[in-house]
file model.tsv (TSV, C-alpha atoms)
chain	number	residue	atom	x	y	z
W	1	MET	CA	20.06	-3.55	10.23
W	2	PRO	CA	20.86	-4.49	6.62
W	3	THR	CA	23.91	-6.71	6.22
W	4	ALA	CA	26.65	-6.26	3.64
W	5	SER	CA	26.56	-8.41	0.53
W	6	ASN	CA	29.38	-8.90	-1.93
W	7	GLY	CA	29.54	-10.24	-5.45
W	8	HIS	CA	26.34	-8.67	-6.80
W	9	ALA	CA	26.22	-5.75	-9.21
W	10	CYS	CA	23.16	-3.57	-9.66
W	11	GLY	CA	21.34	-4.30	-12.91
W	12	PHE	CA	19.96	-0.77	-12.98
W	13	CYS	CA	23.04	1.42	-12.61
W	14	GLY	CA	25.87	-1.12	-12.61
W	15	GLY	CA	26.98	-0.12	-9.12
W	16	GLY	CA	28.78	-2.65	-6.98
W	17	SER	CA	27.86	-1.28	-3.57
W	18	VAL	CA	25.03	-3.65	-2.69
W	19	PHE	CA	23.59	-4.82	0.63
W	20	ALA	CA	20.78	-7.08	1.81
W	21	ARG	CA	17.87	-4.80	2.69
W	22	TYR	CA	15.63	-7.67	3.79
W	23	ASP	CA	16.59	-11.21	4.79
W	24	LEU	CA	13.71	-13.59	4.12
W	25	GLY	CA	15.54	-16.77	5.03
W	26	THR	CA	15.71	-18.64	1.74
W	27	HIS	CA	15.91	-15.34	-0.17
W	28	ARG	CA	17.19	-11.83	0.32
W	29	ILE	CA	16.13	-8.56	-1.23
W	30	LEU	CA	19.26	-6.70	-2.25
W	31	ARG	CA	19.52	-2.93	-2.57
W	32	CYS	CA	21.96	-0.75	-4.46
W	33	LYS	CA	23.39	2.03	-2.31
W	34	SER	CA	23.97	4.21	-5.36
W	35	CYS	CA	20.55	4.20	-7.05
W	36	THR	CA	18.25	2.47	-4.45
W	37	PHE	CA	17.03	-0.20	-6.92
W	38	MET	CA	16.16	-3.53	-5.26
W	39	TRP	CA	15.91	-7.12	-6.48
W	40	LEU	CA	15.28	-10.64	-5.22
W	41	HIS	CA	18.24	-12.99	-4.74
W	42	PRO	CA	18.39	-15.75	-5.69
W	43	PRO	CA	15.75	-15.33	-8.40
W	44	PRO	CA	13.45	-18.23	-9.24
W	45	SER	CA	14.43	-20.33	-12.25
W	46	GLN	CA	12.49	-20.21	-15.50
W	47	ALA	CA	11.02	-23.61	-14.62
W	48	GLU	CA	9.87	-22.30	-11.22
W	49	LEU	CA	8.30	-19.21	-12.80
W	50	HIS	CA	6.50	-21.33	-15.36
W	51	GLU	CA	5.16	-23.53	-12.55
W	52	VAL	CA	3.81	-20.53	-10.62
W	53	TYR	CA	1.87	-19.15	-13.57
W	54	GLY	CA	-0.37	-22.18	-13.90
W	55	GLU	CA	-4.09	-22.83	-13.53
W	56	ASP	CA	-4.10	-22.14	-9.78
W	57	TYR	CA	-2.51	-18.67	-10.08
W	58	TYR	CA	-5.89	-16.92	-10.15
W	59	ARG	CA	-7.49	-19.23	-7.58
W	60	ASN	CA	-4.78	-20.11	-5.09
W	61	ARG	CA	-6.71	-21.55	-2.17
W	62	ARG	CA	-3.49	-21.97	-0.15
W	63	PHE	CA	-2.59	-18.26	-0.39
W	64	PHE	CA	-3.16	-17.58	3.30
W	65	ASP	CA	-1.00	-20.54	4.37
W	66	GLY	CA	1.96	-18.15	4.09
W	67	ASP	CA	5.62	-18.64	3.09
W	68	ASP	CA	6.00	-20.06	-0.44
W	69	LYS	CA	2.22	-20.25	-0.87
W	70	ILE	CA	1.97	-16.44	-1.16
W	71	TYR	CA	1.57	-15.96	-4.89
W	72	GLY	CA	-1.19	-15.10	-7.30
W	73	TYR	CA	-4.73	-14.53	-5.99
W	74	TYR	CA	-6.89	-16.32	-3.47
W	75	ASP	CA	-9.85	-16.07	-5.87
W	76	CYS	CA	-9.48	-13.55	-8.68
W	77	PHE	CA	-12.55	-14.95	-10.46
W	78	SER	CA	-14.81	-13.46	-7.78
W	79	GLU	CA	-13.09	-10.05	-7.83
W	80	HIS	CA	-14.46	-8.66	-11.10
W	81	PRO	CA	-17.19	-6.50	-9.49
W	82	THR	CA	-14.72	-5.34	-6.83
W	83	LYS	CA	-12.09	-4.32	-9.37
W	84	GLU	CA	-14.56	-2.58	-11.69
W	85	ARG	CA	-14.53	0.78	-9.90
W	86	ASP	CA	-10.73	0.78	-9.58
W	87	ASN	CA	-10.30	0.04	-13.28
W	88	HIS	CA	-12.64	2.84	-14.30
W	89	ARG	CA	-10.77	5.22	-12.02
W	90	ILE	CA	-7.57	4.38	-13.90
W	91	LEU	CA	-9.28	4.74	-17.27
W	92	ASP	CA	-10.69	8.13	-16.28
W	93	ARG	CA	-7.18	9.45	-15.69
W	94	LEU	CA	-5.72	7.71	-18.76
W	95	SER	CA	-8.44	9.10	-21.03
W	96	GLY	CA	-7.77	12.62	-19.81
W	97	PHE	CA	-4.18	12.37	-21.03
W	98	LEU	CA	-5.17	11.31	-24.55
W	99	ASP	CA	-5.06	14.07	-27.15
W	100	PRO	CA	-7.88	14.55	-27.90
W	101	PRO	CA	-9.43	12.88	-24.80
W	102	VAL	CA	-11.61	10.53	-26.84
W	103	THR	CA	-11.66	6.77	-26.27
W	104	ARG	CA	-14.06	5.44	-28.91
W	105	GLY	CA	-12.16	3.73	-31.68
W	106	ARG	CA	-8.79	4.09	-29.99
W	107	SER	CA	-6.49	1.07	-29.78
W	108	PHE	CA	-5.73	-0.34	-26.32
W	109	LEU	CA	-3.20	-2.99	-25.26
W	110	ASP	CA	-3.07	-4.49	-21.76
W	111	ILE	CA	0.27	-6.20	-21.03
W	112	GLY	CA	-0.31	-8.90	-18.44
W	113	CYS	CA	-4.06	-8.78	-19.01
W	114	GLY	CA	-4.84	-11.59	-16.54
W	115	LEU	CA	-8.53	-12.43	-16.59
W	116	GLY	CA	-9.35	-9.43	-18.78
W	117	TYR	CA	-11.06	-7.18	-16.24
W	118	LEU	CA	-9.29	-4.02	-17.42
W	119	LEU	CA	-9.90	-5.01	-21.04
W	120	SER	CA	-13.62	-5.34	-20.25
W	121	ALA	CA	-13.76	-1.86	-18.69
W	122	ALA	CA	-11.79	-0.34	-21.59
W	123	SER	CA	-14.00	-2.05	-24.17
W	124	ALA	CA	-17.09	-0.61	-22.47
W	125	ARG	CA	-15.61	2.85	-23.12
W	126	GLY	CA	-15.20	2.19	-26.81
W	127	PHE	CA	-11.53	1.21	-26.95
W	128	ARG	CA	-10.51	-1.46	-29.46
W	129	VAL	CA	-8.83	-3.78	-26.99
W	130	ARG	CA	-6.28	-6.56	-27.12
W	131	GLY	CA	-4.19	-8.23	-24.43
W	132	ILE	CA	-1.18	-10.40	-23.81
W	133	ASP	CA	-0.38	-12.62	-20.84
W	134	TYR	CA	2.14	-15.33	-19.98
W	135	ASN	CA	-0.51	-17.51	-18.35
W	136	ARG	CA	-2.23	-19.84	-20.86
W	137	ALA	CA	-5.12	-20.55	-18.48
W	138	ALA	CA	-5.81	-16.79	-18.25
W	139	THR	CA	-5.71	-16.08	-21.99
W	140	ASP	CA	-7.92	-19.08	-22.72
W	141	TRP	CA	-10.42	-17.84	-20.14
W	142	VAL	CA	-10.42	-14.28	-21.57
W	143	ALA	CA	-10.94	-15.53	-25.12
W	144	LYS	CA	-13.76	-17.85	-24.05
W	145	THR	CA	-15.49	-15.46	-21.63
W	146	HIS	CA	-15.04	-12.08	-23.32
W	147	GLY	CA	-14.03	-12.91	-26.88
W	148	PHE	CA	-11.26	-10.31	-26.81
W	149	PRO	CA	-8.17	-10.89	-28.98
W	150	VAL	CA	-5.45	-12.05	-26.59
W	151	SER	CA	-1.99	-13.52	-27.08
W	152	CYS	CA	-0.24	-15.96	-24.77
W	153	GLY	CA	3.52	-15.70	-24.45
W	154	ASP	CA	6.55	-13.65	-23.54
W	155	PHE	CA	5.89	-9.94	-23.97
W	156	MET	CA	9.45	-9.46	-25.21
W	157	GLU	CA	8.48	-11.50	-28.27
W	158	TYR	CA	5.21	-9.63	-28.89
W	159	ASP	CA	5.00	-8.28	-32.46
W	160	GLY	CA	1.62	-6.54	-32.46
W	161	LYS	CA	0.99	-3.02	-33.73
W	162	ALA	CA	1.59	0.05	-31.57
W	163	CYS	CA	-1.49	1.33	-29.70
W	164	ASP	CA	-2.90	4.64	-28.50
W	165	ALA	CA	-3.08	3.39	-24.91
W	166	VAL	CA	-0.91	0.72	-23.31
W	167	THR	CA	-1.19	-0.56	-19.74
W	168	MET	CA	1.11	-2.72	-17.61
W	169	LEU	CA	-0.51	-3.06	-14.18
W	170	ASP	CA	1.29	-5.07	-11.49
W	171	VAL	CA	3.49	-6.72	-14.11
W	172	VAL	CA	6.95	-5.14	-14.35
W	173	GLU	CA	8.05	-6.60	-10.99
W	174	HIS	CA	7.44	-10.12	-12.38
W	175	LEU	CA	9.58	-9.75	-15.49
W	176	PRO	CA	13.14	-11.10	-15.77
W	177	GLN	CA	14.08	-8.10	-17.95
W	178	PRO	CA	12.13	-5.15	-16.50
W	179	LEU	CA	14.15	-2.41	-18.18
W	180	GLY	CA	14.00	-4.18	-21.52
W	181	ALA	CA	10.25	-4.64	-21.05
W	182	LEU	CA	9.80	-0.88	-20.55
W	183	ALA	CA	11.74	-0.23	-23.75
W	184	LYS	CA	9.49	-2.77	-25.47
W	185	ALA	CA	6.41	-1.04	-24.03
W	186	HIS	CA	7.68	2.22	-25.53
W	187	SER	CA	7.88	0.55	-28.95
W	188	VAL	CA	4.24	-0.63	-28.78
W	189	THR	CA	2.95	2.79	-27.68
W	190	ARG	CA	2.19	5.15	-30.54
W	191	PRO	CA	3.89	8.57	-30.59
W	192	GLY	CA	1.60	10.77	-28.50
W	193	GLY	CA	0.07	7.68	-26.89
W	194	VAL	CA	-0.30	7.05	-23.16
W	195	PHE	CA	1.40	4.32	-21.15
W	196	VAL	CA	0.20	3.38	-17.65
W	197	LEU	CA	2.21	1.28	-15.22
W	198	SER	CA	1.59	0.21	-11.64
W	199	THR	CA	3.97	-1.54	-9.29
W	200	MET	CA	5.00	-1.61	-5.65
W	201	ASP	CA	6.48	1.57	-4.17
W	202	SER	CA	9.25	-0.10	-2.17
W	203	ASP	CA	10.23	3.09	-0.35
W	204	SER	CA	6.82	4.39	0.69
W	205	LEU	CA	6.40	5.08	4.40
W	206	VAL	CA	4.25	1.97	4.99
W	207	SER	CA	6.54	-0.23	2.87
W	208	ARG	CA	9.50	0.79	5.02
W	209	LEU	CA	7.61	0.50	8.32
W	210	VAL	CA	6.21	-2.97	7.62
W	211	GLY	CA	9.41	-4.09	5.86
W	212	LYS	CA	9.84	-7.77	5.19
W	213	ARG	CA	6.45	-8.56	6.75
W	214	LEU	CA	4.81	-6.87	3.76
W	215	GLU	CA	3.08	-9.27	1.40
W	216	ASP	CA	4.75	-7.77	-1.69
W	217	PHE	CA	8.24	-8.47	-0.36
W	218	ARG	CA	7.25	-12.02	0.56
W	219	ARG	CA	6.13	-13.03	-2.93
W	220	THR	CA	9.46	-14.74	-3.54
W	221	ARG	CA	8.03	-17.06	-6.19
W	222	GLU	CA	7.04	-14.20	-8.51
W	223	TYR	CA	8.29	-10.70	-7.54
W	224	LEU	CA	11.80	-10.21	-8.89
W	225	PHE	CA	12.39	-6.43	-8.79
W	226	PHE	CA	11.34	-3.52	-6.59
W	227	PHE	CA	11.11	0.11	-7.71
W	228	ASN	CA	10.53	3.31	-5.81
W	229	ARG	CA	9.31	6.58	-7.31
W	230	ALA	CA	12.81	7.73	-8.19
W	231	THR	CA	13.91	4.52	-9.91
W	232	ILE	CA	10.65	4.00	-11.84
W	233	ARG	CA	10.83	7.58	-13.06
W	234	ARG	CA	14.41	7.11	-14.27
W	235	ALA	CA	13.58	3.73	-15.82
W	236	LEU	CA	10.67	5.13	-17.80
W	237	GLN	CA	12.63	8.16	-18.92
W	238	ARG	CA	15.48	5.91	-19.99
W	239	ALA	CA	12.96	3.92	-22.05
W	240	GLY	CA	11.92	7.14	-23.81
W	241	PHE	CA	8.73	8.09	-21.94
W	242	GLU	CA	7.70	11.49	-20.61
W	243	ILE	CA	6.30	11.22	-17.07
W	244	LEU	CA	2.86	12.80	-16.71
W	245	ARG	CA	1.84	11.86	-13.16
W	246	ILE	CA	2.68	9.46	-10.33
W	247	ASP	CA	0.01	8.61	-7.76
W	248	SER	CA	-0.41	6.07	-5.00
W	249	PHE	CA	-2.52	3.12	-6.08
W	250	GLY	CA	-5.10	1.61	-3.78
W	251	LEU	CA	-7.71	-1.06	-4.32
W	252	THR	CA	-11.27	-1.87	-3.41
W	253	ILE	CA	-11.24	-4.89	-1.12
W	254	GLN	CA	-13.70	-6.89	0.93
W	255	MET	CA	-13.12	-6.60	4.67
W	256	ASN	CA	-12.68	-10.32	5.31
W	257	PHE	CA	-9.90	-10.46	2.70
W	258	LEU	CA	-8.27	-7.35	4.15
W	259	THR	CA	-8.15	-8.85	7.64
W	260	ARG	CA	-6.78	-12.17	6.37
W	261	ARG	CA	-4.03	-10.33	4.52
W	262	ALA	CA	-3.28	-8.34	7.67
W	263	ARG	CA	-2.77	-11.66	9.48
W	264	LEU	CA	0.03	-12.54	7.04
W	265	ALA	CA	2.04	-9.55	8.24
W	266	TYR	CA	0.91	-9.37	11.89
W	267	PRO	CA	-0.68	-12.69	12.95
W	268	ARG	CA	-1.95	-11.67	16.40
W	269	ALA	CA	-3.15	-8.17	15.54
W	270	GLY	CA	-4.64	-9.42	12.28
W	271	ALA	CA	-6.51	-12.22	14.05
W	272	ALA	CA	-7.92	-9.74	16.57
W	273	LEU	CA	-9.02	-7.43	13.75
W	274	GLU	CA	-10.60	-10.38	11.94
W	275	ARG	CA	-12.65	-11.29	15.03
W	276	LEU	CA	-13.75	-7.68	15.47
W	277	VAL	CA	-14.84	-7.35	11.85
W	278	ARG	CA	-16.75	-10.62	12.08
W	279	TRP	CA	-18.41	-9.54	15.36
W	280	LEU	CA	-19.47	-6.23	13.77
W	281	ARG	CA	-20.81	-8.17	10.78
W	282	LEU	CA	-18.63	-6.22	8.37
W	283	SER	CA	-16.94	-9.19	6.70
W	284	GLU	CA	-18.75	-8.65	3.39
W	285	ARG	CA	-18.34	-4.85	3.43
W	286	LYS	CA	-16.11	-3.39	0.72
W	287	LEU	CA	-13.93	-0.33	1.03
W	288	HIS	CA	-11.31	1.46	-0.99
W	289	PHE	CA	-8.01	0.85	0.79
W	290	ASP	CA	-4.82	2.73	-0.06
W	291	PRO	CA	-1.87	2.05	2.27
W	292	ARG	CA	0.32	3.85	-0.30
W	293	THR	CA	2.47	0.77	-0.86
W	294	LYS	CA	1.78	0.80	-4.61
W	295	MET	CA	2.14	3.50	-7.22
W	296	ILE	CA	0.66	4.12	-10.63
W	297	VAL	CA	2.51	6.08	-13.28
W	298	TYR	CA	1.00	7.80	-16.30
W	299	ALA	CA	3.48	8.51	-19.08
W	300	ARG	CA	3.49	9.52	-22.73
W	301	ARG	CA	5.59	8.54	-25.70
W	302	PRO	CA	6.59	11.96	-27.07
W	303	VAL	CA	5.87	12.92	-30.64
W	304	VAL	CA	9.16	13.50	-32.44
W	305	SER	CA	8.86	16.50	-34.75
call {"tool": "encode", "arguments": {"input": "model.tsv", "output": "structure tokens"}}
result
Amino acid sequence: MPTASNGHACGFCGGGSVFARYDLGTHRILRCKSCTFMWLHPPPSQAELHEVYGEDYYRNRRFFDGDDKIYGYYDCFSEHPTKERDNHRILDRLSGFLDPPVTRGRSFLDIGCGLGYLLSAASARGFRVRGIDYNRAATDWVAKTHGFPVSCGDFMEYDGKACDAVTMLDVVEHLPQPLGALAKAHSVTRPGGVFVLSTMDSDSLVSRLVGKRLEDFRRTREYLFFFNRATIRRALQRAGFEILRIDSFGLTIQMNFLTRRARLAYPRAGAALERLVRWLRLSERKLHFDPRTKMIVYARRPVVS
């Protein structure tokens, strides 16, 4: 059962009725009784955040060691082909919301562009792409590998032009000022333009059943805030967006990675599943997996007449 917690006010609604939804030992995830918003306490310092987003963020070979090693990616560099289909699925939906639904020549900004995989897919569709990311190693790699225009730094200080399409995938939960970042995202989306955001759905059925065993809740070195469908809807509307659609957000994943991630939450069951997959020679098989623990939101900046 959650335990009471005093002395913490909700940064979303200002409510003071807060309790610890999950106790992770060194950290707790607090929840507001009034609005259901959740956040990590204590949050990592700026120095700790800067340390996490280093060269090993996209190839963290200690990821499956658990505890404070759960951050970033085990090997994001090898995931480009795997992510390709998922990115095009997102772009299909995004393009359909553009008016008219034409991508060639349209401007596209990816906030938290990482290694540029979404930028690559968008560029292939004719978008004029640019990206921004906090991780210098990532932006250097994108510029060298793809040649796309990318900026390194704090998104809150970004001064680029507004774009027809703006994406922020798996980013808002990392940001010290998530509500301010959504307002900033509104300012860099053109009137009539489409904004796409993905983040954890902290109140989905699987999220609640797995609870603090879930990998997303255990990323205490990088995940600062946790939305559900109600709070992300209100946050985006508060920022000035019109909500178009909210879906669950799965991913294409190789079976051996899926079983290793299952071991993080359920060591014995995950190990048994890993042995079975290996025995069936399915370790290299890929599948689209959607446990409904993440959501993707499509929104529009309204045109003011």
call {"tool": "residues_near_point", "arguments": {"input": "model.tsv", "point": "(23.7, -2.3, -1.9)", "cutoff": "6 Å", "atoms": "only C-alpha atoms", "output": "number ranges by chain"}}
result
W: 17-19, 31-33
call {"tool": "closest_residue", "arguments": {"input": "model.tsv", "among": "W:His8, W:His174, W:Arg130, W:His41", "to": "W:Tyr223", "atoms": "all atoms listed in the file"}}
result
W:His174
call {"tool": "residues_around", "arguments": {"input": "model.tsv", "residues": "W:Arg263", "least_positions_apart": "6", "cutoff": "12 Å", "atoms": "all atoms listed in the file", "output": "ChimeraX atom specification"}}
result
/W:63-66,213-215,256-257,269-275
call {"tool": "residues_around", "arguments": {"input": "model.tsv", "residues": "W:Ile232", "least_positions_apart": "4", "cutoff": "10 Å", "atoms": "all atoms listed in the file", "output": "ChimeraX atom specification"}}
result
/W:37,179,197-199,201,226-228,236-238,243,246,295,297
call {"tool": "atom_distance", "arguments": {"input": "model.tsv", "atom1": "atom CA of W:Asn135", "atom2": "atom CA of W:Val171"}}
result
12.3 Å
call {"tool": "residues_around", "arguments": {"input": "model.tsv", "residues": "W:Arg208", "least_positions_apart": "4", "cutoff": "12 Å", "atoms": "only C-alpha atoms", "output": "PyMOL selection string"}}
result
chain W and resi 21-22+200-204+212-214+216-217+228+291-293
call {"tool": "write_last_selection", "arguments": {"input": "model.tsv", "atoms": "C-alpha atoms", "output": "short mmCIF file (atom, residue, chain, number, x, y, z; two decimals), in the frame of the given file"}}
result
data_model
loop_
_atom_site.label_atom_id
_atom_site.label_comp_id
_atom_site.auth_asym_id
_atom_site.auth_seq_id
_atom_site.Cartn_x
_atom_site.Cartn_y
_atom_site.Cartn_z
CA ARG W 21 17.87 -4.80 2.69
CA TYR W 22 15.63 -7.67 3.79
CA MET W 200 5.00 -1.61 -5.65
CA ASP W 201 6.48 1.57 -4.17
CA SER W 202 9.25 -0.10 -2.17
CA ASP W 203 10.23 3.09 -0.35
CA SER W 204 6.82 4.39 0.69
CA LYS W 212 9.84 -7.77 5.19
CA ARG W 213 6.45 -8.56 6.75
CA LEU W 214 4.81 -6.87 3.76
CA ASP W 216 4.75 -7.77 -1.69
CA PHE W 217 8.24 -8.47 -0.36
CA ASN W 228 10.53 3.31 -5.81
CA PRO W 291 -1.87 2.05 2.27
CA ARG W 292 0.32 3.85 -0.30
CA THR W 293 2.47 0.77 -0.86
#
call {"tool": "atom_distance", "arguments": {"input": "model.tsv", "atom1": "atom CA of W:Tyr53", "atom2": "atom CA of W:Tyr73"}}
result
11.1 Å
call {"tool": "residues_around", "arguments": {"input": "model.tsv", "residues": "W:Gly25", "least_positions_apart": "3", "cutoff": "12 Å", "atoms": "all atoms listed in the file", "output": "PDB file with C-alpha atoms, in the coordinates of the input"}}
result
ATOM      1  CA  ALA W  20      20.780  -7.080   1.810  1.00  0.00           C
ATOM      2  CA  TYR W  22      15.630  -7.670   3.790  1.00  0.00           C
ATOM      3  CA  ARG W  28      17.190 -11.830   0.320  1.00  0.00           C
ATOM      4  CA  ILE W  29      16.130  -8.560  -1.230  1.00  0.00           C
ATOM      5  CA  LEU W  40      15.280 -10.640  -5.220  1.00  0.00           C
ATOM      6  CA  HIS W  41      18.240 -12.990  -4.740  1.00  0.00           C
ATOM      7  CA  PRO W  42      18.390 -15.750  -5.690  1.00  0.00           C
ATOM      8  CA  ASP W  67       5.620 -18.640   3.090  1.00  0.00           C
ATOM      9  CA  ASP W  68       6.000 -20.060  -0.440  1.00  0.00           C
ATOM     10  CA  LYS W 212       9.840  -7.770   5.190  1.00  0.00           C
ATOM     11  CA  ARG W 218       7.250 -12.020   0.560  1.00  0.00           C
ATOM     12  CA  THR W 220       9.460 -14.740  -3.540  1.00  0.00           C
TER      13      THR W 220
END
call {"tool": "residues_around", "arguments": {"input": "model.tsv", "residues": "W:Asp154", "least_positions_apart": "6", "cutoff": "9 Å", "atoms": "only C-alpha atoms", "output": "PyMOL selection string"}}
result
chain W and resi 132-134
call {"tool": "residues_near_point", "arguments": {"input": "model.tsv", "point": "(-3.3, 10.5, -13.8)", "cutoff": "6 Å", "atoms": "only C-alpha atoms", "output": "VMD selection string"}}
result
chain W and resid 93 245 298
call {"tool": "write_last_selection", "arguments": {"input": "model.tsv", "atoms": "C-alpha atoms", "output": "mmCIF file, keeping the file's coordinate frame"}}
result
data_model
loop_
_atom_site.group_PDB
_atom_site.id
_atom_site.type_symbol
_atom_site.label_atom_id
_atom_site.label_comp_id
_atom_site.auth_asym_id
_atom_site.auth_seq_id
_atom_site.Cartn_x
_atom_site.Cartn_y
_atom_site.Cartn_z
ATOM 1 C CA ARG W 93 -7.180 9.450 -15.690
ATOM 2 C CA ARG W 245 1.840 11.860 -13.160
ATOM 3 C CA TYR W 298 1.000 7.800 -16.300
#
call {"tool": "closest_residue", "arguments": {"input": "model.tsv", "among": "W:Val52, W:Tyr117, W:Thr26, W:Ala124", "to": "W:Asp86", "atoms": "all atoms listed in the file"}}
result
W:Tyr117
call {"tool": "closest_residue", "arguments": {"input": "model.tsv", "among": "W:Arg260, W:His288, W:Lys294, W:Lys161", "to": "W:Glu173", "atoms": "all atoms listed in the file"}}
result
W:Lys294
call {"tool": "atom_distance", "arguments": {"input": "model.tsv", "atom1": "atom CA of W:Arg190", "atom2": "atom CA of W:Thr231"}}
result
23.7 Å
call {"tool": "decode", "arguments": {"input": "model.tsv", "residues": "stretch 214-225 of chain W", "atoms": "C-alpha atoms", "output": "PDB file, in the first residue's frame"}}
result
ATOM      1  CA  LEU W 214       8.539  -1.908 -14.453  1.00  0.00           C
ATOM      2  CA  GLU W 215      11.680  -0.688 -16.190  1.00  0.00           C
ATOM      3  CA  ASP W 216      10.261   2.805 -16.767  1.00  0.00           C
ATOM      4  CA  PHE W 217       9.707   3.383 -13.052  1.00  0.00           C
ATOM      5  CA  ARG W 218      13.205   2.122 -12.262  1.00  0.00           C
ATOM      6  CA  ARG W 219      15.025   4.604 -14.492  1.00  0.00           C
ATOM      7  CA  THR W 220      15.778   6.796 -11.488  1.00  0.00           C
ATOM      8  CA  ARG W 221      18.794   8.404 -13.140  1.00  0.00           C
ATOM      9  CA  GLU W 222      16.749   9.913 -15.979  1.00  0.00           C
ATOM     10  CA  TYR W 223      12.930   9.665 -15.655  1.00  0.00           C
ATOM     11  CA  LEU W 224      11.667  12.572 -13.568  1.00  0.00           C
ATOM     12  CA  PHE W 225       7.908  12.750 -14.279  1.00  0.00           C
TER      13      PHE W 225
END
